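S.K.: This is the structure, below, for whatever I ask next.
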Amino acid sequence: MTTYLRATDVTRTFGDVTALADVSVEIPEGSVVALIGPNGSGKTTLLRILAGLLSPTDGDVQYEGPSATRPLGYLPQAPSFRPGFTTHETAAFYARFVDDDPTELLERVGLGAVPDRRVEALSGGMTRLLGIAQALTGDPPVLALDEPASGLDPGISRRVFDIVASLAADGHAVVVTSHDLPLVERTADRIVVLDRGSVVAADTPAALRERTGGPLHETFTSLVGGDEDVVSIRTGADR
Amino acid sequence: MTGRFDAFWAVFAREVRGASRSRTYLFLILALTLVVFGLARAGNGPSAGYVPTVVDVLLVVEVLVPAVAFAVGYRAIADDAVRGTLDVLATYPLPAWVYVAGVYAGRAVALLTVVLVPLAILGGVVAATAGPATTVFATHRGVDSPLLFVRFLALTASFALTTLALAVAISALADSRRRAILLALVGLLLVVVGADITVFQAITGDVVDLGLDTLLALSPASAYRGLVFETVLYVAFAGRSQFVAVPVAAAGLVVWSVVSLAVATLAVRGRRA
């Protein structure tokens, strides 16, 4: 499989805090790479660096995919849209930059039935779907999705991850952060486990499960050493 | 593939459409109309002619226009930053300068509508109510004329656009809505009084070796005031008073605008690093 996006020895510091240290990741075409880890482990920082929204302090990120008007689509953790506009107007705003069809984009994520609904009247799940439609605009070869299912009910979460899986099946290279380990286990082709800014494991879901013989959650707990809700950071003194 | 003009138009159209749906702008038009008509009526300017009307409203317009410009522009970019829209837009073929130009142009349409509609209506009232005896107002230098009022509108529009550019720059520097409000208030104070005070301090302290007319042209408010005196109210003065160096004042407004938009562009670009 061709690698579309490659991060090599990426380090990112914020003052005295090291958010990422020597992280290398490859995002191949036609696959879903999931970044998992406790809060503060550097998932969002890595995703933003992969998306080109944040410069690494050291190391580099190379886009090696096909030539495209918009090489990379990005879904922020909490997508928010300008109030007063409908879903179709919002999709059309982004579509205009890359000459895409807003109606088709809305239908692709299941919002085709609500083109005239104002964005402030959308549920959390629908807002996230509109965010995914935005990320898909221009059919970028690489998609970086930051916790696309967080805070959503199980049904919508599954739907979001089904869309993620279908994108990979269409040949996109998808990198996604998530805390939803069962859905990650079901969808991802490769899982990168981050802890305190470093990669502590990177393998297929099956291979990670084999480490403990149990579900992915058990491997995750053994790798990061505890509660995923606990925020741990690395400072200059730890380096 | 779409071009830069399409990208500019997408941002511009979003701003104009957003403004056209906001009741805030209607409220601003109404408020400004009440203020300028109240002032003009108190000074009895409309029945006297165009120049007396400009005299009646100039001082307040000089303060209100920056206030409205900052109200229109202080969240122009800060809102997109807070919502994460700037991050998303960074993944599109949309250069920072095209985005800033689109936001500025869109807000400029809204601002000019808010500022010029009440003043144009006031000009219409002057045309309808000024008596024949008062149409020849400026006995010292010339004749009162609608052209003078049109010049006043053009200068006011230029001043509004300059202060909007400052507001957009400040909005681009703010990283939260609260900071955007705070910075906008500081910016407004700077435009309305701060720059003038700095100029006067420079004069009294012999800091720079420039004439008063040139120094005054460096402050946006003074430049606007001076240009109105030089090109509109001059008909009411016996001799050439040289309130401000006209070329410097005109260039000053342009420079303030260009530098502000450049700062906004750099700030938007800087968020991507």
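As shown in the structure tokens, the chain order sets the letters A, B, ...; within each chain, residues go from 1, and ligands are also counted from 1 in the order they appear.
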Show me, as a list in words, the residues that have an atom within 12 Å of Pro154 of chain A when counting only C-alpha atoms, minus same-chain residues fewer than 6 positions from it.
M.R.: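 Those residues are Gly125, Val160, Phe161, Asp180, Pro182 and Leu183 of chain A.
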S.K.: Tell me the residues of chain A close to chain B, meaning within 12 Å using only C-alpha atoms, as an MDAnalysis selection string.
M.R.: chainID A and resid 12 48:57 68:86 89:100 131:132 134:140 142:146
S.K.: Closest to Thr113 of chain B among B:Val192, B:Leu30, B:Val248, B:Ala217, using only C-alpha atoms?
M.R.: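 Smallest distance to Thr113 of chain B is found for B:Leu30.
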S.K.: With DSSP run on the backbone, what are the helix (DSSP H, G or I) residues within segment 91-157 of chain A? I'd like them as a compact mmCIF listing (two decimals) with N, CA and C atoms, in the first residue's frame.
M.R.:
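Below is the file that was written, result08.txt:
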# COMPACT_ATOMS: atom_id res chain seq x y z
N ALA A 91 -22.42 23.93 3.62
CA ALA A 91 -21.68 23.00 2.75
C ALA A 91 -21.27 23.70 1.45
N ALA A 92 -22.15 24.57 0.94
CA ALA A 92 -21.85 25.28 -0.31
C ALA A 92 -20.68 26.25 -0.14
N PHE A 93 -20.59 26.85 1.06
CA PHE A 93 -19.48 27.78 1.34
C PHE A 93 -18.14 27.06 1.16
N TYR A 94 -18.02 25.90 1.77
CA TYR A 94 -16.76 25.17 1.66
C TYR A 94 -16.58 24.58 0.26
N ALA A 95 -17.69 24.10 -0.33
CA ALA A 95 -17.61 23.46 -1.64
C ALA A 95 -17.10 24.41 -2.71
N ARG A 96 -17.41 25.69 -2.54
CA ARG A 96 -17.04 26.67 -3.56
C ARG A 96 -15.51 26.78 -3.71
N PHE A 97 -14.78 26.53 -2.62
CA PHE A 97 -13.30 26.65 -2.69
C PHE A 97 -12.69 25.58 -3.60
N VAL A 98 -13.41 24.45 -3.72
CA VAL A 98 -12.82 23.32 -4.46
C VAL A 98 -13.77 22.80 -5.54
N PRO A 102 -22.39 20.64 -3.05
CA PRO A 102 -22.83 20.58 -1.65
C PRO A 102 -23.97 19.59 -1.41
N THR A 103 -24.87 19.47 -2.37
CA THR A 103 -26.00 18.54 -2.21
C THR A 103 -25.49 17.11 -2.09
N GLU A 104 -24.54 16.77 -2.95
CA GLU A 104 -23.97 15.42 -2.93
C GLU A 104 -23.23 15.16 -1.62
N LEU A 105 -22.52 16.19 -1.13
CA LEU A 105 -21.77 16.04 0.13
C LEU A 105 -22.72 15.76 1.29
N LEU A 106 -23.84 16.50 1.33
CA LEU A 106 -24.80 16.31 2.41
C LEU A 106 -25.43 14.91 2.32
N GLU A 107 -25.72 14.48 1.13
CA GLU A 107 -26.31 13.14 0.96
C GLU A 107 -25.32 12.06 1.38
N ARG A 108 -24.07 12.30 1.13
CA ARG A 108 -23.04 11.30 1.44
C ARG A 108 -22.96 11.01 2.95
N VAL A 119 -27.90 25.67 11.02
CA VAL A 119 -26.89 24.86 11.70
C VAL A 119 -27.06 24.89 13.22
N GLU A 120 -27.58 26.01 13.75
CA GLU A 120 -27.76 26.07 15.20
C GLU A 120 -28.91 25.18 15.66
N ALA A 121 -29.73 24.71 14.72
CA ALA A 121 -30.84 23.82 15.07
C ALA A 121 -30.47 22.35 14.89
N GLY A 124 -26.17 17.47 18.08
CA GLY A 124 -24.71 17.30 18.13
C GLY A 124 -24.22 16.34 17.07
N GLY A 125 -24.99 15.25 16.88
CA GLY A 125 -24.60 14.25 15.89
C GLY A 125 -24.66 14.79 14.48
N MET A 126 -25.73 15.55 14.20
CA MET A 126 -25.86 16.13 12.85
C MET A 126 -24.77 17.16 12.59
N THR A 127 -24.42 17.93 13.62
CA THR A 127 -23.33 18.91 13.47
C THR A 127 -22.03 18.20 13.13
N ARG A 128 -21.81 17.05 13.80
CA ARG A 128 -20.60 16.28 13.53
C ARG A 128 -20.62 15.74 12.09
N LEU A 129 -21.81 15.30 11.65
CA LEU A 129 -21.92 14.80 10.27
C LEU A 129 -21.67 15.92 9.27
N LEU A 130 -22.17 17.12 9.59
CA LEU A 130 -21.90 18.26 8.71
C LEU A 130 -20.40 18.55 8.68
N GLY A 131 -19.76 18.38 9.86
CA GLY A 131 -18.31 18.55 9.92
C GLY A 131 -17.59 17.54 9.04
N ILE A 132 -18.11 16.30 9.04
CA ILE A 132 -17.50 15.27 8.18
C ILE A 132 -17.72 15.62 6.70
N ALA A 133 -18.91 16.14 6.40
CA ALA A 133 -19.16 16.58 5.00
C ALA A 133 -18.16 17.65 4.61
N GLN A 134 -17.90 18.57 5.54
CA GLN A 134 -16.90 19.60 5.27
C GLN A 134 -15.53 18.97 5.03
N ALA A 135 -15.15 17.99 5.89
CA ALA A 135 -13.84 17.35 5.74
C ALA A 135 -13.72 16.64 4.40
N LEU A 136 -14.86 16.12 3.91
CA LEU A 136 -14.85 15.37 2.64
C LEU A 136 -14.84 16.29 1.42
N PRO A 154 -24.53 5.92 20.86
CA PRO A 154 -23.89 4.76 20.19
C PRO A 154 -24.30 4.61 18.73
N GLY A 155 -25.56 4.89 18.43
CA GLY A 155 -26.03 4.74 17.04
C GLY A 155 -25.32 5.69 16.10
N ILE A 156 -25.23 6.96 16.48
CA ILE A 156 -24.56 7.96 15.62
C ILE A 156 -23.06 7.66 15.56
N SER A 157 -22.51 7.23 16.70
CA SER A 157 -21.07 6.91 16.72
C SER A 157 -20.76 5.82 15.72
